[in-house]
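*Asks:* Next up, run04.cif (mmCIF, C-alpha atoms and all ligand atoms).
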data_work
#
loop_
_atom_site.label_atom_id
_atom_site.label_comp_id
_atom_site.auth_asym_id
_atom_site.auth_seq_id
_atom_site.Cartn_x
_atom_site.Cartn_y
_atom_site.Cartn_z
CA MET A 1 30.64 -4.36 61.93
CA ARG A 2 28.20 -1.49 62.44
CA GLY A 3 25.87 -1.60 65.41
CA PHE A 4 23.71 0.75 67.45
CA GLN A 5 25.50 -0.24 70.61
CA VAL A 6 24.45 0.94 74.07
CA LYS A 7 27.66 1.33 76.10
CA GLU A 8 26.04 3.10 79.02
CA LEU A 9 22.35 3.59 79.79
CA ALA A 10 21.08 6.84 78.25
CA HIS A 11 18.34 8.30 76.09
CA HIS A 12 18.81 7.16 72.48
CA SER A 13 19.64 10.73 71.37
CA LYS A 14 22.92 10.41 73.32
CA ILE A 15 24.00 7.19 71.59
CA GLU A 16 26.16 7.14 68.48
CA LEU A 17 26.45 4.42 65.89
CA SER A 18 29.55 2.23 66.47
CA TYR A 19 31.62 0.91 63.57
CA ASP A 20 33.78 -1.55 65.49
CA VAL A 21 31.22 -3.85 67.14
CA PRO A 22 32.49 -7.46 67.18
CA GLU A 23 30.42 -9.96 65.19
CA PRO A 24 28.17 -11.84 67.67
CA GLU A 25 28.89 -15.54 68.24
CA PRO A 26 25.92 -17.93 68.14
CA LYS A 27 25.54 -20.35 71.06
CA ASP A 28 23.91 -23.79 70.87
CA GLY A 29 20.52 -23.56 69.16
CA GLU A 30 21.24 -20.12 67.68
CA ILE A 31 21.91 -18.96 64.14
CA LEU A 32 23.78 -15.98 62.73
CA ILE A 33 21.73 -13.56 60.63
CA ASP A 34 22.71 -10.97 58.04
CA VAL A 35 20.24 -8.27 59.02
CA TYR A 36 18.60 -6.52 56.05
CA SER A 37 15.94 -4.56 57.95
CA GLY A 38 15.00 -4.01 61.59
CA ALA A 39 11.71 -2.73 63.01
CA LEU A 40 11.44 -0.24 65.84
CA ASN A 41 9.46 -0.79 69.02
CA PHE A 42 8.58 1.64 71.78
CA PHE A 43 10.39 -0.62 74.25
CA ASP A 44 13.69 0.18 72.44
CA ILE A 45 13.37 3.71 73.81
CA LEU A 46 12.91 2.32 77.32
CA GLN A 47 15.68 -0.29 76.94
CA THR A 48 18.46 2.22 76.17
CA GLN A 49 17.59 3.88 79.49
CA GLY A 50 17.35 0.66 81.52
CA LYS A 51 13.60 1.15 81.95
CA TYR A 52 12.44 -2.00 80.10
CA GLN A 53 11.93 -5.41 81.74
CA ILE A 54 14.60 -7.01 79.51
CA LYS A 55 17.94 -5.55 80.61
CA PRO A 56 20.85 -7.04 78.64
CA PRO A 57 24.30 -6.62 80.20
CA LEU A 58 26.27 -3.62 78.88
CA PRO A 59 27.41 -3.13 76.21
CA PHE A 60 24.50 -4.40 74.10
CA VAL A 61 23.18 -3.75 70.61
CA LEU A 62 19.64 -2.36 70.50
CA GLY A 63 16.82 -3.74 68.35
CA THR A 64 14.65 -6.85 68.47
CA GLU A 65 12.60 -7.45 65.31
CA PHE A 66 14.41 -8.19 62.07
CA ALA A 67 14.27 -9.62 58.57
CA GLY A 68 17.33 -10.86 56.72
CA ARG A 69 19.16 -13.94 55.55
CA VAL A 70 20.86 -16.78 57.39
CA ALA A 71 24.56 -15.79 57.20
CA GLN A 72 26.91 -17.91 55.09
CA ASN A 73 29.12 -18.50 58.15
CA SER A 74 26.21 -19.39 60.47
CA PRO A 75 26.25 -22.70 62.34
CA ILE A 76 23.20 -24.77 61.45
CA PRO A 77 21.82 -26.45 64.59
CA PRO A 78 20.54 -30.04 64.27
CA GLY A 79 16.95 -30.12 63.02
CA SER A 80 17.14 -26.59 61.59
CA PRO A 81 14.70 -25.94 58.74
CA PHE A 82 17.09 -23.23 57.49
CA LYS A 83 20.33 -23.18 55.53
CA PRO A 84 22.73 -20.32 54.81
CA GLY A 85 21.17 -17.73 52.49
CA ASP A 86 17.54 -18.44 53.44
CA ARG A 87 15.27 -15.41 53.80
CA VAL A 88 13.99 -15.22 57.37
CA PHE A 89 12.39 -12.92 59.93
CA GLY A 90 12.11 -13.06 63.68
CA ALA A 91 13.35 -11.58 66.92
CA GLY A 92 16.46 -11.55 69.08
CA GLN A 93 18.58 -8.96 70.85
CA GLY A 94 20.72 -6.76 68.59
CA ALA A 95 18.78 -6.19 65.37
CA TYR A 96 20.22 -2.72 64.69
CA ALA A 97 23.51 -4.09 63.39
CA ASP A 98 24.94 -5.75 60.30
CA LYS A 99 24.73 -9.15 61.99
CA MET A 100 22.86 -10.59 64.95
CA VAL A 101 22.18 -13.96 66.52
CA ALA A 102 18.72 -15.39 67.06
CA LYS A 103 17.40 -18.55 68.68
CA LEU A 104 16.22 -21.04 66.09
CA ASP A 105 12.73 -21.06 67.63
CA SER A 106 12.48 -17.27 67.20
CA VAL A 107 13.05 -17.36 63.45
CA LEU A 108 10.52 -18.02 60.67
CA PRO A 109 10.76 -18.21 56.87
CA LEU A 110 10.03 -14.86 55.21
CA PRO A 111 7.19 -15.37 52.71
CA ASP A 112 8.38 -14.85 49.12
CA GLU A 113 5.72 -12.19 48.63
CA LEU A 114 7.17 -9.89 51.31
CA THR A 115 10.15 -7.52 51.25
CA TYR A 116 12.64 -7.38 54.10
CA GLU A 117 11.14 -4.02 55.06
CA GLN A 118 7.69 -5.58 55.36
CA GLY A 119 9.01 -8.68 57.10
CA ALA A 120 11.01 -6.83 59.74
CA GLY A 121 7.97 -5.77 61.75
CA LEU A 122 5.96 -8.98 61.79
CA TYR A 123 7.29 -11.09 64.62
CA VAL A 124 5.94 -9.28 67.70
CA THR A 125 3.14 -7.25 66.19
CA TRP A 126 0.99 -9.50 64.00
CA PRO A 127 0.56 -12.51 66.31
CA THR A 128 -0.40 -10.09 69.08
CA SER A 129 -3.22 -8.70 66.97
CA TYR A 130 -4.30 -12.10 65.64
CA GLU A 131 -4.34 -13.85 69.00
CA GLY A 132 -6.00 -10.87 70.67
CA LEU A 133 -8.93 -11.08 68.27
CA VAL A 134 -9.11 -14.82 67.61
CA GLY A 135 -7.73 -16.57 70.71
CA ARG A 136 -8.78 -14.11 73.38
CA ALA A 137 -11.82 -12.20 72.09
CA GLN A 138 -13.14 -15.26 70.18
CA MET A 139 -14.21 -12.92 67.39
CA LYS A 140 -16.97 -14.09 65.03
CA PRO A 141 -17.86 -12.83 61.53
CA GLY A 142 -20.33 -9.96 61.55
CA GLU A 143 -19.28 -8.62 64.95
CA TRP A 144 -18.50 -4.98 65.64
CA VAL A 145 -14.84 -4.41 66.53
CA LEU A 146 -13.38 -1.18 67.88
CA VAL A 147 -9.58 -0.87 67.55
CA THR A 148 -7.78 1.92 69.43
CA ALA A 149 -4.48 3.39 68.18
CA ALA A 150 -5.75 2.01 64.89
CA ALA A 151 -2.87 3.41 62.82
CA GLY A 152 -0.16 2.10 65.18
CA GLY A 153 1.86 -1.06 64.62
CA VAL A 154 -0.39 -3.42 66.56
CA GLY A 155 -3.55 -1.43 65.82
CA ILE A 156 -3.37 -1.38 62.03
CA ALA A 157 -2.67 -5.12 61.98
CA ALA A 158 -5.76 -5.62 64.16
CA VAL A 159 -7.87 -3.49 61.80
CA GLN A 160 -6.77 -5.55 58.79
CA LEU A 161 -7.27 -8.85 60.59
CA ALA A 162 -10.68 -7.92 61.97
CA LYS A 163 -11.75 -7.10 58.40
CA VAL A 164 -10.35 -10.38 57.05
CA LEU A 165 -12.23 -12.23 59.81
CA GLY A 166 -15.50 -10.67 58.65
CA GLY A 167 -15.88 -7.95 61.27
CA LYS A 168 -17.40 -4.49 61.01
CA VAL A 169 -14.45 -2.39 62.07
CA ILE A 170 -14.36 0.99 63.76
CA ALA A 171 -10.86 2.49 63.81
CA ALA A 172 -10.17 4.94 66.62
CA ALA A 173 -7.09 7.16 66.67
CA GLY A 174 -5.87 10.53 67.88
CA SER A 175 -5.88 12.53 64.64
CA GLN A 176 -7.61 12.76 61.28
CA GLU A 177 -4.34 11.87 59.49
CA LYS A 178 -4.01 8.62 61.44
CA LEU A 179 -7.65 7.78 60.82
CA GLU A 180 -7.10 8.19 57.09
CA ILE A 181 -4.14 5.76 57.38
CA ALA A 182 -6.34 3.23 59.20
CA LYS A 183 -8.86 3.47 56.39
CA ARG A 184 -6.37 3.44 53.49
CA TYR A 185 -4.03 0.70 54.73
CA GLY A 186 -6.25 -1.11 57.22
CA GLY A 187 -9.58 -1.04 55.39
CA ALA A 188 -11.52 0.26 58.42
CA ASP A 189 -15.24 0.74 57.84
CA TYR A 190 -15.75 3.67 60.24
CA LEU A 191 -13.45 6.24 61.84
CA VAL A 192 -13.63 7.84 65.30
CA ASP A 193 -11.27 10.48 66.66
CA TYR A 194 -10.71 9.69 70.35
CA SER A 195 -8.99 13.01 71.02
CA LYS A 196 -12.51 14.52 70.98
CA PRO A 197 -14.64 14.51 74.15
CA GLU A 198 -17.46 11.97 74.25
CA TRP A 199 -16.07 10.07 71.26
CA GLN A 200 -17.94 7.02 72.54
CA LYS A 201 -21.19 8.65 71.36
CA ASP A 202 -19.89 8.43 67.79
CA VAL A 203 -19.32 4.69 68.29
CA LEU A 204 -22.86 4.28 69.65
CA ARG A 205 -24.27 6.25 66.71
CA ILE A 206 -22.37 4.08 64.20
CA THR A 207 -23.59 0.87 65.85
CA ASN A 208 -27.20 2.11 66.05
CA GLY A 209 -26.95 2.37 69.82
CA SER A 210 -25.92 -1.22 70.50
CA GLY A 211 -22.18 -0.63 71.00
CA VAL A 212 -19.29 -2.79 69.81
CA ASP A 213 -18.85 -6.50 70.58
CA ILE A 214 -15.08 -6.24 70.94
CA VAL A 215 -12.65 -3.52 71.98
CA PHE A 216 -9.02 -4.22 71.05
CA ASP A 217 -6.99 -1.76 73.09
CA PRO A 218 -3.22 -1.15 72.95
CA VAL A 219 -3.59 2.33 74.52
CA GLY A 220 -5.19 2.04 77.96
CA LEU A 221 -8.72 3.10 76.98
CA VAL A 222 -10.59 0.06 78.26
CA GLN A 223 -12.56 1.88 80.94
CA SER A 224 -13.64 4.68 78.64
CA SER A 225 -14.58 2.09 76.00
CA PHE A 226 -17.03 0.44 78.43
CA LYS A 227 -19.40 3.30 77.53
CA CYS A 228 -19.70 1.97 73.98
CA LEU A 229 -19.27 -1.77 74.59
CA ALA A 230 -22.31 -3.97 73.94
CA TRP A 231 -23.98 -6.42 76.34
CA ARG A 232 -21.63 -9.46 76.58
CA GLY A 233 -18.88 -7.33 75.05
CA ARG A 234 -15.23 -8.37 75.28
CA ALA A 235 -12.38 -5.95 75.94
CA VAL A 236 -8.85 -7.11 75.07
CA VAL A 237 -6.12 -5.47 77.16
CA VAL A 238 -3.13 -5.29 74.79
CA GLY A 239 -0.99 -2.44 76.04
CA PHE A 240 -0.67 0.91 77.73
CA ALA A 241 0.73 3.21 75.05
CA ALA A 242 -0.77 6.21 76.86
CA GLY A 243 1.56 5.48 79.75
CA SER A 244 -0.68 4.52 82.67
CA ILE A 245 -2.11 1.20 83.76
CA GLU A 246 -5.88 1.30 84.20
CA LYS A 247 -7.68 0.20 87.34
CA LEU A 248 -11.03 -1.02 86.11
CA PRO A 249 -14.29 -0.61 88.09
CA SER A 250 -15.74 -4.09 88.41
CA ASN A 251 -19.31 -2.78 88.77
CA LEU A 252 -19.22 -1.70 85.11
CA ILE A 253 -17.93 -5.14 84.12
CA LEU A 254 -20.86 -6.72 85.99
CA LEU A 255 -23.57 -4.41 84.68
CA LYS A 256 -23.13 -5.32 81.01
CA ASN A 257 -21.86 -8.93 81.34
CA ILE A 258 -18.51 -7.72 80.04
CA SER A 259 -15.42 -9.93 79.75
CA VAL A 260 -12.05 -8.26 80.10
CA VAL A 261 -9.26 -10.46 78.75
CA GLY A 262 -5.52 -9.90 78.71
CA LEU A 263 -3.08 -10.82 75.98
CA HIS A 264 0.65 -11.31 76.51
CA TRP A 265 1.96 -12.83 73.30
CA GLY A 266 5.56 -13.08 74.49
CA ALA A 267 4.47 -15.36 77.36
CA TYR A 268 2.96 -18.02 75.06
CA ARG A 269 6.46 -19.51 74.75
CA ASN A 270 6.27 -20.43 78.47
CA HIS A 271 2.59 -21.23 78.83
CA GLU A 272 1.01 -22.25 75.52
CA LYS A 273 3.79 -23.13 73.10
CA GLU A 274 1.56 -25.23 70.85
CA ARG A 275 -0.58 -22.19 70.06
CA ILE A 276 2.36 -20.29 68.50
CA ASP A 277 2.53 -22.56 65.45
CA VAL A 278 -1.23 -22.37 64.96
CA VAL A 279 -1.18 -18.58 64.96
CA TRP A 280 1.82 -18.34 62.62
CA LYS A 281 0.38 -20.89 60.20
CA ALA A 282 -2.75 -18.74 59.87
CA LEU A 283 -0.77 -15.52 59.53
CA LEU A 284 1.71 -16.83 56.95
CA GLU A 285 -1.20 -18.01 54.82
CA LEU A 286 -2.78 -14.56 55.03
CA PHE A 287 0.49 -12.90 53.96
CA SER A 288 1.10 -15.37 51.13
CA SER A 289 -2.42 -14.96 49.78
CA GLY A 290 -2.17 -11.17 50.01
CA LYS A 291 -5.18 -10.99 52.36
CA ALA A 292 -2.97 -9.33 54.99
CA LYS A 293 -0.34 -6.73 54.06
CA PRO A 294 2.22 -5.35 56.51
CA VAL A 295 2.12 -1.56 56.75
CA THR A 296 5.38 0.37 57.07
CA TYR A 297 5.80 4.05 57.97
CA SER A 298 6.46 6.28 54.95
CA GLU A 299 9.99 7.21 55.99
CA ILE A 300 12.47 4.33 56.06
CA PHE A 301 15.48 5.02 58.31
CA SER A 302 19.10 3.88 58.07
CA LEU A 303 21.43 2.87 60.89
CA GLU A 304 22.87 6.39 60.63
CA SER A 305 19.43 8.03 61.02
CA LEU A 306 18.00 5.49 63.49
CA THR A 307 17.74 8.05 66.32
CA GLN A 308 15.38 10.13 64.14
CA GLY A 309 13.15 7.09 63.74
CA LEU A 310 13.16 6.49 67.49
CA ASP A 311 12.34 10.21 68.00
CA ALA A 312 9.40 9.98 65.62
CA LEU A 313 8.10 6.89 67.46
CA GLU A 314 8.60 8.52 70.86
CA HIS A 315 6.66 11.61 69.79
CA ARG A 316 3.69 9.67 68.38
CA LYS A 317 4.34 10.79 64.82
CA THR A 318 4.49 7.40 63.12
CA TYR A 319 2.03 4.86 61.80
CA GLY A 320 2.39 1.15 60.98
CA LYS A 321 5.82 -0.30 61.67
CA VAL A 322 8.83 2.00 61.64
CA VAL A 323 11.65 0.32 59.74
CA VAL A 324 15.40 0.77 59.58
CA ASN A 325 17.12 -0.53 56.46
CA ILE A 326 20.50 -2.01 57.21
CA LYS A 327 21.43 -3.37 53.79
CA LYS A 328 20.35 -1.01 51.05
CA ASN A 329 20.01 -3.53 48.23
CA ASP A 330 17.85 -6.57 47.79
CA THR A 331 14.67 -4.99 49.18
CA VAL A 332 12.25 -6.42 46.61
CA PRO A 333 10.15 -9.49 47.40
CA ALA A 334 11.54 -12.81 46.18
CA LYS A 335 8.30 -13.21 44.21
CA LEU A 336 6.41 -10.18 42.88
N1 LIG B 1 0.36 -7.52 74.85
C1 LIG B 1 1.30 -7.83 73.99
O1 LIG B 1 1.68 -9.00 73.85
C2 LIG B 1 1.89 -6.74 73.18
C3 LIG B 1 2.65 -7.01 72.04
C4 LIG B 1 3.11 -5.93 71.28
C5 LIG B 1 2.86 -4.62 71.69
N2 LIG B 1 2.16 -4.41 72.83
C6 LIG B 1 1.87 -3.06 73.32
O2 LIG B 1 0.94 -2.43 72.46
C7 LIG B 1 1.12 -1.02 72.53
C8 LIG B 1 1.17 -0.46 71.13
O3 LIG B 1 2.30 -0.97 70.45
P1 LIG B 1 2.60 -0.51 68.96
O4 LIG B 1 3.78 -1.26 68.52
O5 LIG B 1 1.35 -0.57 68.16
O6 LIG B 1 2.98 1.02 69.19
P2 LIG B 1 2.96 2.25 68.19
O7 LIG B 1 3.05 1.80 66.78
O8 LIG B 1 3.96 3.21 68.72
O9 LIG B 1 1.49 2.85 68.38
C9 LIG B 1 1.09 3.35 69.61
C10 LIG B 1 -0.01 4.38 69.39
O10 LIG B 1 -0.63 4.61 70.63
C11 LIG B 1 -1.30 5.86 70.58
N3 LIG B 1 -1.11 6.64 71.80
C12 LIG B 1 -2.12 7.09 72.57
N4 LIG B 1 -1.65 7.80 73.59
C13 LIG B 1 -0.29 7.81 73.47
C14 LIG B 1 0.74 8.40 74.22
N5 LIG B 1 0.49 9.12 75.34
N6 LIG B 1 2.02 8.21 73.82
C15 LIG B 1 2.29 7.48 72.73
N7 LIG B 1 1.32 6.90 71.96
C16 LIG B 1 0.04 7.07 72.34
C17 LIG B 1 -0.69 6.62 69.38
O11 LIG B 1 -1.68 6.68 68.36
P3 LIG B 1 -2.65 7.98 68.30
O12 LIG B 1 -1.74 9.13 68.05
O13 LIG B 1 -3.58 7.67 67.19
O14 LIG B 1 -3.33 8.07 69.63
C18 LIG B 1 0.47 5.74 68.94
O15 LIG B 1 0.71 5.84 67.57
C19 LIG B 1 2.40 -0.79 73.32
O16 LIG B 1 2.04 -0.40 74.63
C20 LIG B 1 3.07 -2.14 73.32
O17 LIG B 1 3.87 -2.33 74.46
C21 LIG B 1 1.66 -5.42 73.57
#
Represent the supplied structure as structure tokens.
*Replies:*
Amino acid sequence: MRGFQVKELAHHSKIELSYDVPEPEPKDGEILIDVYSGALNFFDILQTQGKYQIKPPLPFVLGTEFAGRVAQNSPIPPGSPFKPGDRVFGAGQGAYADKMVAKLDSVLPLPDELTYEQGAGLYVTWPTSYEGLVGRAQMKPGEWVLVTAAAGGVGIAAVQLAKVLGGKVIAAAGSQEKLEIAKRYGGADYLVDYSKPEWQKDVLRITNGSGVDIVFDPVGLVQSSFKCLAWRGRAVVVGFAAGSIEKLPSNLILLKNISVVGLHWGAYRNHEKERIDVVWKALLELFSSGKAKPVTYSEIFSLESLTQGLDALEHRKTYGKVVVNIKKNDTVPAKL
């Protein structure tokens, strides 16, 4: 089968698509998936170089998030809610290939309303944004929410969700084009370009001087956001897309009664398993009702052009989720 297989650690531009990758063999509790679409993550770029925390033994197939069908020749573990042919999405190692294996507890039913392209980028991104706002920031309707990297994968989901939850949403991003995306696909109420100096003054002006109640930050802009965070404001530390980990001055946290909360969605499996079902139940309802709509980057890549997609992600050119289509057909939703 085809697979974007890493045989030795290198930048993705040095890796070629392999056509003779053996079909993976599911172990106990795993199922075999026919991958229809995969979604790119920045950590893919790190993983090919051995710079990501998850380091599979060589050779390994790259890619984590997927949407597809349970393969006809998949084993069906006891208690599985799935049967061969079911439309599913989830995560596992090796999504950039015709087939992959995934643990049963990392697979969910793909809502009929969504295409494989839309479903591929849900598993990591959307619960991160939902839990960041709901579980960690305890967001309430009517609150001001500032989302940084608002056109990015996690960011645009947070913009949509904050709107659905009744927030007044300020999208912040690094260019006018990305701000337009956050407005068009996210429904943001106000736009702020954080590549400009003193962008926090725009946030203060928009909020009539009070500042925002919540900052949702996948970039590493928590400290600079303190300038436009309200009294009792909450800052959610989601990621460090800008590349450096902030060291926050605790005097600023004290002065405005600020709460800084972290969010590590992947760790819920070890620490708060019961919360995972709650979050997914809420999200699947939002997708099925059309209140939330996954956003995919305008250019859809193929396995053959995957490196171009990874390049675009690496160079900050993309918005929403970047998707690679692995099977060309069958990309319409089951229910239109
Ligand atoms: N905590 C968790 O559980 C969790 C889960 C998923 C993801 N994350 C993290 O969240 C972050 C965002 O993930 P994502 O999937 O939304 O990524 P993404 O789609 O690639 O978006 C990242 C955005 O960050 C902004 N950015 C600012 N400075 C940047 C720089 N120096 N280099 C690259 N991008 C920069 C860019 O938007 P502008 O051009 O508009 O600035 C970029 O589009 C990542 O750090 C990821 O690891 C955390």
*Asks:* Could I get the residue neighbourhood of ligand LIG 1 (chain B) at 7 Å, counting all atoms listed in the file, as number ranges by chain?
*Replies:* A: 41-43, 124-125, 128, 149-155, 173-175, 178, 218-219, 238-243, 263-266, 313-321
*Asks:* Restricting the calculation to all atoms listed in the file: of A:Leu161, A:Ile76, A:Ile156, A:Leu248, which residue gets closest to Lys291 (chain A)?
*Replies:*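 Checking each candidate against Lys291 (chain A), we get A:Leu161 as the closest.
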*Asks:* One decimal, in Å: what's the spacing between CA of Ile15 (chain A) and CA of Asp34 (chain A)?
*Replies:*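 Result for CA of Ile15 (chain A) versus CA of Asp34 (chain A): 22.7 Å, one decimal.
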*Asks:* Using all atoms listed in the file, determine which residues lie at most 7 Å from Ala172 (chain A), disregarding the query and same-chain residues fewer than 2 positions distant; provide the list as a list in words.
*Replies:* Val147, Thr148, Ala149, Ala150, Ile170, Leu179, Leu191, Val192, Asp193 and Tyr194 of chain A
*Asks:* Go ahead and save the residues from that selection, with C-alpha atoms, as a PDB file, in the frame of the given file.
*Replies:*
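Here's the written file result_4.pdb:
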ATOM      1  CA  VAL A 147      -9.580  -0.870  67.550  1.00  0.00           C
ATOM      2  CA  THR A 148      -7.780   1.920  69.430  1.00  0.00           C
ATOM      3  CA  ALA A 149      -4.480   3.390  68.180  1.00  0.00           C
ATOM      4  CA  ALA A 150      -5.750   2.010  64.890  1.00  0.00           C
ATOM      5  CA  ILE A 170     -14.360   0.990  63.760  1.00  0.00           C
ATOM      6  CA  LEU A 179      -7.650   7.780  60.820  1.00  0.00           C
ATOM      7  CA  LEU A 191     -13.450   6.240  61.840  1.00  0.00           C
ATOM      8  CA  VAL A 192     -13.630   7.840  65.300  1.00  0.00           C
ATOM      9  CA  ASP A 193     -11.270  10.480  66.660  1.00  0.00           C
ATOM     10  CA  TYR A 194     -10.710   9.690  70.350  1.00  0.00           C
TER      11      TYR A 194
END
*Asks:* At a cut-off of 10 Å from (24.6, -22.3, 69.3) in the coordinates of the file, what residues are picked up using only C-alpha atoms, written as a PyMOL selection string?
*Replies:* chain A and resi 25-32+74-77+101-104
*Asks:* Just to confirm, what's the straight-line distance from CA of Lys327 (chain A) to CA of Ala292 (chain A) in Å (one decimal)?
*Replies:*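 Between CA of Lys327 (chain A) and CA of Ala292 (chain A) the gap works out to 25.1 Å.
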*Asks:* Using only C-alpha atoms, which of the listed residues (A:Ala39, A:Ile245, A:Val279, A:Ile206) sits closest to Cys228 (chain A)?
*Replies:*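 Closest to Cys228 (chain A), using only C-alpha atoms: A:Ile206.
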*Asks:* For His11 (chain A), work out the shell of residues within 10 Å, counting only C-alpha atoms and skipping chain neighbours fewer than 5 positions away, then give it as a list of chain:residue names.
*Replies:* A:Val6, A:Ile45, A:Leu46, A:Gln47, A:Thr48, A:Gln49, A:Gly50, A:Thr307
*Asks:* Include C-alpha atoms and write out the residues we just selected as a PDB file, in the frame of the given file.
*Replies:*
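Full text of out.pdb as output:
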ATOM      1  CA  VAL A   6      24.450   0.940  74.070  1.00  0.00           C
ATOM      2  CA  ILE A  45      13.370   3.710  73.810  1.00  0.00           C
ATOM      3  CA  LEU A  46      12.910   2.320  77.320  1.00  0.00           C
ATOM      4  CA  GLN A  47      15.680  -0.290  76.940  1.00  0.00           C
ATOM      5  CA  THR A  48      18.460   2.220  76.170  1.00  0.00           C
ATOM      6  CA  GLN A  49      17.590   3.880  79.490  1.00  0.00           C
ATOM      7  CA  GLY A  50      17.350   0.660  81.520  1.00  0.00           C
ATOM      8  CA  THR A 307      17.740   8.050  66.320  1.00  0.00           C
TER       9      THR A 307
END
*Asks:* Under the rule that all atoms listed in the file are counted, which of A:Ser259, A:Asn251, A:Gln223, A:Ser302 is the nearest residue to Arg136 (chain A)?
*Replies:*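 Among the listed residues, A:Ser259 lies closest to Arg136 (chain A).
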*Asks:* Distance CA of Ala182 (chain A)-CA of His12 (chain A), one decimal place?
*Replies:*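 A separation of 28.7 Å between them.
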*Asks:* Extract, using only C-alpha atoms, all DNA, RNA and protein residues at most 10 Å from Gly142 (chain A), discarding same-chain residues fewer than 4 positions from it, and format them as number ranges by chain.
*Replies:* A: 162-163, 165-169, 213
*Asks:* If you count only C-alpha atoms, which residues fall within 8 Å of Pro111 (chain A), apart from same-chain ones fewer than 4 positions away, as a list in words?
*Replies:*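 Contacts, in chain order: Leu284, Phe287 and Ser288 of chain A.
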*Asks:* Store the residues of this selection in a file with C-alpha atoms, as a CSV table (one decimal), in the coordinates of the input.
*Replies:*
chain,number,residue,atom,x,y,z
A,284,LEU,CA,1.7,-16.8,57.0
A,287,PHE,CA,0.5,-12.9,54.0
A,288,SER,CA,1.1,-15.4,51.1
*Asks:* Might you pull out every residue within 12 Å of Ile326 (chain A), with all atoms listed in the file counted and same-chain residues fewer than 6 positions away left off, and present them as a PyMOL selection string?
*Replies:* chain A and resi 1-4+34-39+63+66-68+95-100+116-117+120+300-306
*Asks:* Pull C-alpha atoms from the residues just selected and write them as a CSV table (one decimal), keeping the file's coordinate frame.
*Replies:*
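out_15.csv written:
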chain,number,residue,atom,x,y,z
A,1,MET,CA,30.6,-4.4,61.9
A,2,ARG,CA,28.2,-1.5,62.4
A,3,GLY,CA,25.9,-1.6,65.4
A,4,PHE,CA,23.7,0.8,67.4
A,34,ASP,CA,22.7,-11.0,58.0
A,35,VAL,CA,20.2,-8.3,59.0
A,36,TYR,CA,18.6,-6.5,56.0
A,37,SER,CA,15.9,-4.6,58.0
A,38,GLY,CA,15.0,-4.0,61.6
A,39,ALA,CA,11.7,-2.7,63.0
A,63,GLY,CA,16.8,-3.7,68.4
A,66,PHE,CA,14.4,-8.2,62.1
A,67,ALA,CA,14.3,-9.6,58.6
A,68,GLY,CA,17.3,-10.9,56.7
A,95,ALA,CA,18.8,-6.2,65.4
A,96,TYR,CA,20.2,-2.7,64.7
A,97,ALA,CA,23.5,-4.1,63.4
A,98,ASP,CA,24.9,-5.8,60.3
A,99,LYS,CA,24.7,-9.2,62.0
A,100,MET,CA,22.9,-10.6,65.0
A,116,TYR,CA,12.6,-7.4,54.1
A,117,GLU,CA,11.1,-4.0,55.1
A,120,ALA,CA,11.0,-6.8,59.7
A,300,ILE,CA,12.5,4.3,56.1
A,301,PHE,CA,15.5,5.0,58.3
A,302,SER,CA,19.1,3.9,58.1
A,303,LEU,CA,21.4,2.9,60.9
A,304,GLU,CA,22.9,6.4,60.6
A,305,SER,CA,19.4,8.0,61.0
A,306,LEU,CA,18.0,5.5,63.5
*Asks:* Between A:Asp217, A:Asp311, A:Asp189, A:Glu131, which is the closest to Val278 (chain A) once you count all atoms listed in the file?
*Replies:*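 Looking only at the distances to Val278 (chain A), the closest residue turns out to be A:Glu131.
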*Asks:* Taking into account only C-alpha atoms, which residue in the set A:Asp86, A:Glu113, A:Glu299, A:Glu23 is nearest to Glu285 (chain A)?
*Replies:*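 When distances to Glu285 (chain A) are compared using only C-alpha atoms, the smallest one comes from A:Glu113.
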*Asks:* Taking all atoms of region 103-111 of chain A that appear in the file, build a box with edges along x, y and z, extend it by 6 Å on every side, and state its centre and edge lengths in Å to one decimal, as AutoDock Vina command-line options.
*Replies:*
--center_x 12.3 --center_y -18.0 --center_z 60.7 --size_x 22.2 --size_y 18.2 --size_z 28.0
